[in-house]
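run.txt (compact mmCIF, N, CA and C atoms) appears below.
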# COMPACT_ATOMS: atom_id res chain seq x y z
N MET A 1 0.82 -1.19 0.00
CA MET A 1 0.00 0.00 0.00
C MET A 1 0.87 1.25 0.00
N LYS A 2 1.97 1.22 0.79
CA LYS A 2 2.87 2.36 0.83
C LYS A 2 3.51 2.59 -0.53
N ALA A 3 3.80 1.51 -1.23
CA ALA A 3 4.41 1.63 -2.55
C ALA A 3 3.45 2.34 -3.51
N ASN A 4 2.15 2.05 -3.39
CA ASN A 4 1.17 2.71 -4.26
C ASN A 4 1.12 4.20 -3.99
N LYS A 5 1.15 4.60 -2.70
CA LYS A 5 1.15 6.01 -2.35
C LYS A 5 2.40 6.69 -2.88
N TYR A 6 3.54 6.02 -2.73
CA TYR A 6 4.80 6.58 -3.22
C TYR A 6 4.76 6.75 -4.73
N LEU A 7 4.26 5.74 -5.43
CA LEU A 7 4.19 5.79 -6.88
C LEU A 7 3.26 6.91 -7.34
N PHE A 8 2.11 7.05 -6.65
CA PHE A 8 1.16 8.10 -6.99
C PHE A 8 1.79 9.47 -6.77
N SER A 9 2.48 9.65 -5.64
CA SER A 9 3.15 10.92 -5.36
C SER A 9 4.21 11.22 -6.40
N LEU A 10 4.95 10.21 -6.77
CA LEU A 10 5.99 10.37 -7.78
C LEU A 10 5.40 10.77 -9.13
N LEU A 11 4.28 10.13 -9.49
CA LEU A 11 3.62 10.49 -10.74
C LEU A 11 3.13 11.92 -10.71
N LEU A 12 2.58 12.36 -9.57
CA LEU A 12 2.12 13.74 -9.45
C LEU A 12 3.28 14.72 -9.58
N LEU A 13 4.39 14.42 -8.91
CA LEU A 13 5.54 15.31 -8.97
C LEU A 13 6.13 15.38 -10.37
N CYS A 14 6.20 14.25 -11.02
CA CYS A 14 6.76 14.24 -12.37
C CYS A 14 5.82 14.88 -13.38
N ASN A 15 4.54 14.90 -13.06
CA ASN A 15 3.55 15.43 -13.98
C ASN A 15 3.26 16.92 -13.74
N ILE A 16 3.98 17.54 -12.80
CA ILE A 16 3.78 18.96 -12.56
C ILE A 16 4.22 19.71 -13.81
N THR A 17 3.30 20.47 -14.31
CA THR A 17 3.62 21.23 -15.51
C THR A 17 4.03 22.64 -15.11
N ASN A 18 4.70 23.28 -16.00
CA ASN A 18 5.02 24.69 -15.79
C ASN A 18 3.74 25.49 -15.94
N ALA A 19 3.70 26.59 -15.25
CA ALA A 19 2.49 27.43 -15.28
C ALA A 19 2.17 27.88 -16.71
N HIS A 20 3.19 28.13 -17.51
CA HIS A 20 2.92 28.59 -18.88
C HIS A 20 2.35 27.48 -19.76
N ASP A 21 2.43 26.21 -19.31
CA ASP A 21 1.85 25.10 -20.05
C ASP A 21 0.37 24.89 -19.75
N ILE A 22 -0.13 25.53 -18.71
CA ILE A 22 -1.52 25.36 -18.31
C ILE A 22 -2.35 26.39 -19.07
N LYS A 23 -3.20 25.91 -19.94
CA LYS A 23 -4.01 26.81 -20.77
C LYS A 23 -5.48 26.46 -20.59
N VAL A 24 -6.21 27.37 -19.93
CA VAL A 24 -7.64 27.15 -19.75
C VAL A 24 -8.38 27.25 -21.08
N SER A 25 -7.75 27.84 -22.07
CA SER A 25 -8.39 27.94 -23.39
C SER A 25 -8.62 26.56 -24.01
N ASP A 26 -7.88 25.55 -23.53
CA ASP A 26 -8.11 24.17 -23.99
C ASP A 26 -9.51 23.69 -23.61
N CYS A 27 -10.12 24.35 -22.65
CA CYS A 27 -11.41 23.91 -22.12
C CYS A 27 -12.56 24.79 -22.61
N SER A 28 -12.39 25.47 -23.71
CA SER A 28 -13.42 26.39 -24.18
C SER A 28 -14.64 25.64 -24.69
N TYR A 29 -15.76 26.35 -24.67
CA TYR A 29 -17.00 25.77 -25.16
C TYR A 29 -16.93 25.46 -26.65
N ASP A 30 -16.08 26.17 -27.37
CA ASP A 30 -15.94 25.91 -28.80
C ASP A 30 -15.40 24.51 -29.05
N GLN A 31 -14.49 24.09 -28.17
CA GLN A 31 -13.85 22.80 -28.35
C GLN A 31 -14.64 21.67 -27.68
N LEU A 32 -15.25 21.97 -26.56
CA LEU A 32 -15.98 20.95 -25.80
C LEU A 32 -17.42 21.43 -25.63
N ILE A 33 -18.31 20.85 -26.36
CA ILE A 33 -19.70 21.32 -26.40
C ILE A 33 -20.42 21.06 -25.07
N GLN A 34 -20.20 19.96 -24.45
CA GLN A 34 -20.94 19.60 -23.25
C GLN A 34 -20.33 20.24 -22.01
N GLN A 35 -21.21 20.79 -21.16
CA GLN A 35 -20.76 21.46 -19.94
C GLN A 35 -19.95 20.55 -19.03
N ASP A 36 -20.36 19.30 -18.91
CA ASP A 36 -19.63 18.41 -18.01
C ASP A 36 -18.20 18.18 -18.49
N LYS A 37 -17.98 18.15 -19.79
CA LYS A 37 -16.62 17.99 -20.31
C LYS A 37 -15.79 19.24 -20.05
N VAL A 38 -16.42 20.40 -20.18
CA VAL A 38 -15.73 21.65 -19.88
C VAL A 38 -15.37 21.68 -18.40
N TYR A 39 -16.31 21.30 -17.55
CA TYR A 39 -16.08 21.28 -16.10
C TYR A 39 -14.89 20.39 -15.75
N TRP A 40 -14.86 19.16 -16.26
CA TRP A 40 -13.78 18.24 -15.90
C TRP A 40 -12.45 18.67 -16.51
N CYS A 41 -12.49 19.26 -17.67
CA CYS A 41 -11.27 19.80 -18.27
C CYS A 41 -10.72 20.91 -17.38
N LEU A 42 -11.59 21.82 -16.94
CA LEU A 42 -11.16 22.90 -16.05
C LEU A 42 -10.70 22.39 -14.70
N MET A 43 -11.36 21.36 -14.20
CA MET A 43 -10.94 20.78 -12.92
C MET A 43 -9.51 20.25 -13.04
N ASP A 44 -9.19 19.64 -14.16
CA ASP A 44 -7.84 19.15 -14.40
C ASP A 44 -6.85 20.32 -14.45
N LYS A 45 -7.21 21.39 -15.16
CA LYS A 45 -6.34 22.57 -15.24
C LYS A 45 -6.16 23.21 -13.87
N TYR A 46 -7.24 23.26 -13.10
CA TYR A 46 -7.16 23.83 -11.75
C TYR A 46 -6.19 23.01 -10.89
N GLN A 47 -6.32 21.68 -10.93
CA GLN A 47 -5.42 20.82 -10.15
C GLN A 47 -3.97 21.01 -10.58
N GLN A 48 -3.74 21.13 -11.88
CA GLN A 48 -2.39 21.38 -12.37
C GLN A 48 -1.87 22.71 -11.84
N SER A 49 -2.73 23.72 -11.80
CA SER A 49 -2.31 25.04 -11.31
C SER A 49 -2.02 25.01 -9.82
N VAL A 50 -2.77 24.20 -9.06
CA VAL A 50 -2.51 24.06 -7.63
C VAL A 50 -1.13 23.44 -7.41
N LEU A 51 -0.83 22.39 -8.16
CA LEU A 51 0.48 21.73 -8.04
C LEU A 51 1.61 22.67 -8.47
N ALA A 52 1.39 23.40 -9.56
CA ALA A 52 2.42 24.33 -10.04
C ALA A 52 2.63 25.47 -9.04
N LEU A 53 1.55 25.94 -8.42
CA LEU A 53 1.67 26.99 -7.41
C LEU A 53 2.45 26.47 -6.21
N ARG A 54 2.13 25.29 -5.75
CA ARG A 54 2.84 24.72 -4.60
C ARG A 54 4.33 24.55 -4.93
N HIS A 55 4.61 24.08 -6.14
CA HIS A 55 6.00 23.91 -6.57
C HIS A 55 6.74 25.25 -6.56
N GLU A 56 6.09 26.29 -7.06
CA GLU A 56 6.71 27.62 -7.10
C GLU A 56 6.89 28.18 -5.69
N GLU A 57 5.94 27.92 -4.82
CA GLU A 57 6.06 28.38 -3.43
C GLU A 57 7.22 27.70 -2.71
N ILE A 58 7.39 26.43 -2.95
CA ILE A 58 8.52 25.70 -2.34
C ILE A 58 9.84 26.26 -2.86
N SER A 59 9.91 26.53 -4.16
CA SER A 59 11.13 27.12 -4.74
C SER A 59 11.41 28.50 -4.14
N ALA A 60 10.36 29.29 -3.97
CA ALA A 60 10.53 30.63 -3.40
C ALA A 60 10.99 30.55 -1.94
N GLU A 61 10.41 29.62 -1.18
CA GLU A 61 10.84 29.45 0.21
C GLU A 61 12.31 29.08 0.28
N LYS A 62 12.75 28.21 -0.62
CA LYS A 62 14.16 27.82 -0.65
C LYS A 62 15.05 29.01 -0.98
N ARG A 63 14.61 29.84 -1.92
CA ARG A 63 15.40 31.03 -2.26
C ARG A 63 15.48 31.98 -1.07
N LEU A 64 14.37 32.16 -0.37
CA LEU A 64 14.38 33.05 0.80
C LEU A 64 15.29 32.51 1.90
N ILE A 65 15.25 31.21 2.12
CA ILE A 65 16.12 30.61 3.14
C ILE A 65 17.58 30.77 2.74
N GLN A 66 17.86 30.58 1.46
CA GLN A 66 19.23 30.70 0.96
C GLN A 66 19.79 32.09 1.22
N TYR A 67 18.98 33.12 1.03
CA TYR A 67 19.47 34.49 1.19
C TYR A 67 19.32 35.03 2.60
N ASP A 68 18.63 34.28 3.46
CA ASP A 68 18.45 34.72 4.84
C ASP A 68 19.30 33.86 5.77
N THR A 69 20.59 33.87 5.54
CA THR A 69 21.49 33.09 6.39
C THR A 69 22.40 34.04 7.16
N GLU A 70 22.79 33.58 8.30
CA GLU A 70 23.62 34.42 9.16
C GLU A 70 24.98 34.70 8.53
N GLU A 71 25.47 33.76 7.74
CA GLU A 71 26.78 33.96 7.11
C GLU A 71 26.75 35.12 6.12
N GLU A 72 25.58 35.37 5.54
CA GLU A 72 25.46 36.43 4.54
C GLU A 72 25.36 37.81 5.18
N ARG A 73 25.15 37.83 6.47
CA ARG A 73 24.93 39.10 7.17
C ARG A 73 26.23 39.62 7.74
N GLY A 74 26.30 40.92 7.82
CA GLY A 74 27.45 41.54 8.47
C GLY A 74 27.17 41.72 9.96
N HIS A 75 28.15 42.25 10.66
CA HIS A 75 27.98 42.50 12.09
C HIS A 75 28.22 43.97 12.37
N ASN A 76 27.43 44.48 13.28
CA ASN A 76 27.59 45.86 13.73
C ASN A 76 28.78 45.94 14.69
N GLU A 77 29.17 47.14 15.06
CA GLU A 77 30.30 47.32 15.98
C GLU A 77 30.06 46.68 17.34
N ASP A 78 28.80 46.63 17.77
CA ASP A 78 28.49 46.03 19.07
C ASP A 78 28.32 44.51 19.01
N GLY A 79 28.54 43.91 17.82
CA GLY A 79 28.46 42.46 17.69
C GLY A 79 27.11 41.94 17.24
N THR A 80 26.10 42.80 17.21
CA THR A 80 24.80 42.35 16.75
C THR A 80 24.82 42.15 15.23
N ILE A 81 23.92 41.32 14.78
CA ILE A 81 23.87 41.00 13.35
C ILE A 81 23.24 42.16 12.58
N ASP A 82 23.92 42.55 11.52
CA ASP A 82 23.41 43.59 10.63
C ASP A 82 22.99 42.91 9.34
N TYR A 83 21.75 43.03 9.01
CA TYR A 83 21.28 42.38 7.79
C TYR A 83 20.09 43.14 7.24
N GLU A 84 19.75 42.83 6.03
CA GLU A 84 18.58 43.42 5.39
C GLU A 84 17.35 42.72 5.96
N PRO A 85 16.54 43.39 6.76
CA PRO A 85 15.44 42.71 7.44
C PRO A 85 14.32 42.26 6.51
N TYR A 86 14.26 42.81 5.31
CA TYR A 86 13.15 42.48 4.42
C TYR A 86 13.16 41.02 3.99
N ILE A 87 14.32 40.48 3.73
CA ILE A 87 14.41 39.08 3.34
C ILE A 87 13.99 38.20 4.51
N HIS A 88 14.46 38.54 5.69
CA HIS A 88 14.10 37.76 6.88
C HIS A 88 12.59 37.83 7.14
N ILE A 89 12.02 39.01 7.05
CA ILE A 89 10.57 39.17 7.26
C ILE A 89 9.80 38.42 6.19
N ALA A 90 10.25 38.48 4.95
CA ALA A 90 9.58 37.76 3.86
C ALA A 90 9.62 36.26 4.11
N ARG A 91 10.75 35.76 4.58
CA ARG A 91 10.87 34.31 4.85
C ARG A 91 9.93 33.89 5.96
N ILE A 92 9.84 34.68 7.00
CA ILE A 92 9.00 34.33 8.15
C ILE A 92 7.51 34.44 7.80
N THR A 93 7.15 35.43 7.01
CA THR A 93 5.74 35.66 6.72
C THR A 93 5.25 34.94 5.46
N PHE A 94 6.13 34.24 4.77
CA PHE A 94 5.74 33.59 3.52
C PHE A 94 4.60 32.58 3.70
N PRO A 95 4.62 31.72 4.72
CA PRO A 95 3.49 30.79 4.90
C PRO A 95 2.16 31.52 5.09
N GLU A 96 2.18 32.65 5.78
CA GLU A 96 0.95 33.42 5.97
C GLU A 96 0.47 34.01 4.65
N LEU A 97 1.40 34.36 3.78
CA LEU A 97 1.04 34.86 2.46
C LEU A 97 0.21 33.82 1.70
N HIS A 98 0.63 32.56 1.79
CA HIS A 98 -0.10 31.49 1.12
C HIS A 98 -1.53 31.38 1.66
N ARG A 99 -1.65 31.37 2.98
CA ARG A 99 -2.99 31.26 3.58
C ARG A 99 -3.86 32.45 3.19
N SER A 100 -3.30 33.63 3.21
CA SER A 100 -4.06 34.83 2.82
C SER A 100 -4.48 34.76 1.36
N PHE A 101 -3.60 34.27 0.51
CA PHE A 101 -3.95 34.15 -0.90
C PHE A 101 -5.11 33.18 -1.10
N ILE A 102 -5.06 32.05 -0.41
CA ILE A 102 -6.12 31.04 -0.55
C ILE A 102 -7.46 31.63 -0.13
N LEU A 103 -7.48 32.33 1.00
CA LEU A 103 -8.73 32.94 1.46
C LEU A 103 -9.22 33.99 0.46
N TYR A 104 -8.31 34.82 -0.01
CA TYR A 104 -8.67 35.84 -0.99
C TYR A 104 -9.20 35.21 -2.27
N ARG A 105 -8.52 34.17 -2.75
CA ARG A 105 -8.93 33.51 -3.99
C ARG A 105 -10.33 32.91 -3.85
N GLU A 106 -10.57 32.25 -2.72
CA GLU A 106 -11.88 31.63 -2.52
C GLU A 106 -13.00 32.67 -2.50
N LYS A 107 -12.77 33.76 -1.77
CA LYS A 107 -13.81 34.80 -1.69
C LYS A 107 -14.00 35.51 -3.03
N GLN A 108 -12.90 35.83 -3.69
CA GLN A 108 -12.98 36.51 -4.98
C GLN A 108 -13.71 35.66 -6.01
N CYS A 109 -13.37 34.39 -6.06
CA CYS A 109 -13.98 33.52 -7.08
C CYS A 109 -15.43 33.18 -6.72
N LYS A 110 -15.75 33.11 -5.46
CA LYS A 110 -17.13 32.90 -5.05
C LYS A 110 -17.96 34.11 -5.48
N TYR A 111 -17.43 35.30 -5.23
CA TYR A 111 -18.11 36.52 -5.64
C TYR A 111 -18.27 36.56 -7.16
N ALA A 112 -17.21 36.24 -7.87
CA ALA A 112 -17.25 36.29 -9.34
C ALA A 112 -18.28 35.32 -9.89
N SER A 113 -18.34 34.11 -9.34
CA SER A 113 -19.29 33.13 -9.87
C SER A 113 -20.72 33.47 -9.47
N GLN A 114 -20.90 34.07 -8.28
CA GLN A 114 -22.25 34.46 -7.86
C GLN A 114 -22.73 35.71 -8.57
N SER A 115 -21.82 36.57 -8.98
CA SER A 115 -22.22 37.80 -9.65
C SER A 115 -22.81 37.54 -11.02
N ASN A 116 -22.58 36.34 -11.54
CA ASN A 116 -23.18 35.96 -12.82
C ASN A 116 -24.65 35.61 -12.68
N GLY A 117 -25.13 35.53 -11.45
CA GLY A 117 -26.53 35.16 -11.21
C GLY A 117 -26.70 33.66 -11.22
N ALA A 118 -27.92 33.24 -11.22
CA ALA A 118 -28.23 31.81 -11.22
C ALA A 118 -28.00 31.27 -12.63
N LEU A 119 -26.98 30.49 -12.76
CA LEU A 119 -26.66 29.92 -14.07
C LEU A 119 -27.08 28.46 -14.11
N PRO A 120 -27.57 28.00 -15.23
CA PRO A 120 -27.99 26.60 -15.32
C PRO A 120 -26.79 25.66 -15.41
N GLY A 121 -27.01 24.45 -14.98
CA GLY A 121 -26.01 23.41 -15.12
C GLY A 121 -24.74 23.67 -14.34
N TYR A 122 -23.64 23.44 -14.97
CA TYR A 122 -22.33 23.54 -14.35
C TYR A 122 -21.74 24.95 -14.43
N ARG A 123 -22.45 25.89 -15.00
CA ARG A 123 -21.85 27.18 -15.33
C ARG A 123 -21.28 27.92 -14.13
N SER A 124 -21.94 27.85 -12.99
CA SER A 124 -21.41 28.53 -11.80
C SER A 124 -20.08 27.89 -11.38
N SER A 125 -20.04 26.57 -11.38
CA SER A 125 -18.80 25.86 -11.03
C SER A 125 -17.71 26.11 -12.07
N ILE A 126 -18.11 26.17 -13.33
CA ILE A 126 -17.15 26.44 -14.40
C ILE A 126 -16.55 27.83 -14.22
N SER A 127 -17.40 28.80 -13.92
CA SER A 127 -16.93 30.17 -13.69
C SER A 127 -15.94 30.21 -12.53
N SER A 128 -16.25 29.49 -11.45
CA SER A 128 -15.37 29.45 -10.29
C SER A 128 -14.03 28.81 -10.63
N LEU A 129 -14.05 27.73 -11.40
CA LEU A 129 -12.79 27.06 -11.78
C LEU A 129 -11.93 27.93 -12.69
N TYR A 130 -12.55 28.62 -13.63
CA TYR A 130 -11.79 29.57 -14.45
C TYR A 130 -11.09 30.60 -13.56
N CYS A 131 -11.86 31.15 -12.64
CA CYS A 131 -11.34 32.19 -11.75
C CYS A 131 -10.18 31.66 -10.91
N LYS A 132 -10.37 30.50 -10.26
CA LYS A 132 -9.34 29.94 -9.38
C LYS A 132 -8.07 29.61 -10.14
N THR A 133 -8.23 29.05 -11.33
CA THR A 133 -7.06 28.69 -12.13
C THR A 133 -6.31 29.95 -12.55
N ASP A 134 -7.04 30.94 -13.02
CA ASP A 134 -6.40 32.21 -13.42
C ASP A 134 -5.69 32.87 -12.24
N MET A 135 -6.31 32.85 -11.09
CA MET A 135 -5.68 33.48 -9.93
C MET A 135 -4.43 32.71 -9.50
N ASN A 136 -4.47 31.38 -9.57
CA ASN A 136 -3.28 30.60 -9.25
C ASN A 136 -2.14 30.94 -10.21
N LEU A 137 -2.46 31.02 -11.49
CA LEU A 137 -1.43 31.34 -12.48
C LEU A 137 -0.88 32.75 -12.27
N SER A 138 -1.73 33.68 -11.89
CA SER A 138 -1.27 35.04 -11.59
C SER A 138 -0.37 35.05 -10.36
N GLN A 139 -0.72 34.27 -9.35
CA GLN A 139 0.09 34.20 -8.14
C GLN A 139 1.46 33.58 -8.44
N ILE A 140 1.48 32.57 -9.27
CA ILE A 140 2.75 31.95 -9.67
C ILE A 140 3.64 33.00 -10.34
N GLN A 141 3.07 33.76 -11.25
CA GLN A 141 3.84 34.79 -11.95
C GLN A 141 4.33 35.86 -10.98
N TRP A 142 3.48 36.26 -10.04
CA TRP A 142 3.87 37.25 -9.05
C TRP A 142 5.05 36.75 -8.20
N ILE A 143 4.98 35.50 -7.77
CA ILE A 143 6.06 34.92 -6.96
C ILE A 143 7.35 34.90 -7.77
N LYS A 144 7.27 34.47 -9.03
CA LYS A 144 8.47 34.42 -9.89
C LYS A 144 9.08 35.81 -10.06
N ASN A 145 8.24 36.81 -10.23
CA ASN A 145 8.72 38.16 -10.46
C ASN A 145 9.22 38.85 -9.20
N THR A 146 8.73 38.44 -8.05
CA THR A 146 9.00 39.14 -6.81
C THR A 146 10.08 38.49 -5.95
N ILE A 147 10.07 37.20 -5.88
CA ILE A 147 10.98 36.50 -4.95
C ILE A 147 12.08 35.80 -5.72

Before we go any further, please render this structure as structure tokens.
Amino acid sequence: MKANKYLFSLLLLCNITNAHDIKVSDCSYDQLIQQDKVYWCLMDKYQQSVLALRHEEISAEKRLIQYDTEEERGHNEDGTIDYEPYIHIARITFPELHRSFILYREKQCKYASQSNGALPGYRSSISSLYCKTDMNLSQIQWIKNTI
């Protein structure tokens, strides 16, 4: 049983796509006429974006740890450590950034899908998945550009 979990985890890690490879346009109504096919296509894209976001967050955390080391810091005349506090603060607050993003994404996408009104079938869920995937991809780009 453990081997199956390991194999599944390995397949997920190897199947992580780059954010630029995730295209929600593959799930357009033009290509997939039935709502359920659009929904499942978007669900797949959303899951890929979640994995890509997590991968990018782990990379960013590693970069922050790399640059927030005591060896990289100088010392003041009194022996205290002199360093750029922004990297240290970013490293410490990075996990909170993720939680805040998730809450923001959920509220924003709930609002966006509800603002469309009562939609028949899967359309409300489809709208939410488009929103969540786009926000994940935007967050990935922001992390790459910022950290």

Exercise. Tell me, in Å to one decimal, how far atom CA of A:Cys109 is from atom C of A:Cys131.
Key: 5.7 Å

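Minimum distance to A:Ala90 across A:Ser28, A:Thr146, A:Gln108, A:Thr133 (counting only C-alpha atoms) occurs at A:Thr146.
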
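With atom N of A:Gln141 on one side and atom C of A:His98 on the other, the separation reads 13.9 Å.
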
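Excluding stretch 57-61 of chain A itself and any same-chain residue fewer than 5 positions from it, the protein and nucleic acid residues within 6 Å of it, counting only N, CA and C atoms, are Ala52, Gln66 and Ile147 of chain A.
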
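Between A:Ala112 and the candidates A:Ser100, A:Met135, A:Ile143, A:Ser128, the tightest atom-to-atom separation, counting only N, CA and C atoms, involves A:Ser128.
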
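The space separating atom N of A:Thr80 from atom C of A:Asp68 comes to 16.0 Å.
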
Quiz item: What would the list of residues within 7 Å of (-1.0, 35.1, -3.6) (file frame) look like as an NGL selection string, if all atoms listed in the file are what count?
Solution: :A and (97-98 or 100-102 or 138-140)

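Nearest-residue note for A:Tyr46: choosing from A:Cys27, A:Tyr104, A:Lys110, A:Ile92, the minimum distance belongs to A:Cys27, counting only C-alpha atoms.
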
Block slice stretch 58-67 of chain A, all heavy atoms, emitted as a CSV table (one decimal), in the first residue's frame:
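Result file follows (out_23.csv):
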chain,number,residue,atom,x,y,z
A,58,ILE,N,7.4,26.4,-2.9
A,58,ILE,CA,8.5,25.7,-2.3
A,58,ILE,C,9.8,26.3,-2.9
A,58,ILE,O,10.8,26.5,-2.1
A,58,ILE,CB,8.4,24.2,-2.6
A,58,ILE,CG1,7.2,23.6,-1.8
A,58,ILE,CG2,9.7,23.5,-2.3
A,58,ILE,CD1,6.9,22.2,-2.2
A,59,SER,N,9.9,26.5,-4.2
A,59,SER,CA,11.1,27.1,-4.7
A,59,SER,C,11.4,28.5,-4.1
A,59,SER,O,12.6,28.8,-3.8
A,59,SER,CB,11.0,27.2,-6.3
A,59,SER,OG,10.9,26.0,-6.8
A,60,ALA,N,10.4,29.3,-4.0
A,60,ALA,CA,10.5,30.6,-3.4
A,60,ALA,C,11.0,30.6,-1.9
A,60,ALA,O,11.9,31.3,-1.5
A,60,ALA,CB,9.2,31.4,-3.5
A,61,GLU,N,10.4,29.6,-1.2
A,61,GLU,CA,10.8,29.5,0.2
A,61,GLU,C,12.3,29.1,0.3
A,61,GLU,O,13.0,29.6,1.1
A,61,GLU,CB,10.0,28.4,0.9
A,61,GLU,CG,8.6,28.9,1.2
A,61,GLU,CD,7.7,27.8,1.9
A,61,GLU,OE1,7.9,26.6,1.5
A,61,GLU,OE2,6.9,28.1,2.7
A,62,LYS,N,12.7,28.2,-0.6
A,62,LYS,CA,14.2,27.8,-0.7
A,62,LYS,C,15.1,29.0,-1.0
A,62,LYS,O,16.1,29.2,-0.4
A,62,LYS,CB,14.4,26.7,-1.7
A,62,LYS,CG,13.8,25.4,-1.2
A,62,LYS,CD,14.0,24.3,-2.2
A,62,LYS,CE,13.4,23.0,-1.8
A,62,LYS,NZ,13.5,21.9,-2.8
A,63,ARG,N,14.6,29.8,-1.9
A,63,ARG,CA,15.4,31.0,-2.3
A,63,ARG,C,15.5,32.0,-1.1
A,63,ARG,O,16.5,32.6,-0.8
A,63,ARG,CB,14.8,31.8,-3.5
A,63,ARG,CG,15.0,31.0,-4.8
A,63,ARG,CD,14.6,31.9,-6.0
A,63,ARG,NE,13.3,32.3,-6.0
A,63,ARG,CZ,12.2,31.6,-6.5
A,63,ARG,NH1,12.4,30.4,-7.0
A,63,ARG,NH2,11.0,32.2,-6.6
A,64,LEU,N,14.4,32.2,-0.4
A,64,LEU,CA,14.4,33.0,0.8
A,64,LEU,C,15.3,32.5,1.9
A,64,LEU,O,16.0,33.3,2.5
A,64,LEU,CB,13.0,33.2,1.3
A,64,LEU,CG,12.0,34.1,0.5
A,64,LEU,CD1,10.6,34.0,1.0
A,64,LEU,CD2,12.5,35.5,0.4
A,65,ILE,N,15.2,31.2,2.1
A,65,ILE,CA,16.1,30.6,3.1
A,65,ILE,C,17.6,30.8,2.7
A,65,ILE,O,18.4,31.1,3.6
A,65,ILE,CB,15.8,29.1,3.3
A,65,ILE,CG1,14.4,29.0,4.1
A,65,ILE,CG2,16.9,28.4,4.1
A,65,ILE,CD1,13.8,27.6,4.1
A,66,GLN,N,17.9,30.6,1.5
A,66,GLN,CA,19.2,30.7,1.0
A,66,GLN,C,19.8,32.1,1.2
A,66,GLN,O,21.0,32.2,1.6
A,66,GLN,CB,19.3,30.4,-0.5
A,66,GLN,CG,20.6,30.6,-1.2
A,66,GLN,CD,20.5,30.4,-2.7
A,66,GLN,OE1,19.5,30.0,-3.2
A,66,GLN,NE2,21.6,30.8,-3.4
A,67,TYR,N,19.0,33.1,1.0
A,67,TYR,CA,19.5,34.5,1.2
A,67,TYR,C,19.3,35.0,2.6
A,67,TYR,O,19.8,36.1,2.9
A,67,TYR,CB,18.8,35.4,0.2
A,67,TYR,CG,19.2,35.1,-1.2
A,67,TYR,CD1,18.3,34.6,-2.1
A,67,TYR,CD2,20.5,35.3,-1.6
A,67,TYR,CE1,18.6,34.3,-3.4
A,67,TYR,CE2,20.9,35.0,-2.9
A,67,TYR,CZ,19.9,34.5,-3.8
A,67,TYR,OH,20.3,34.2,-5.1
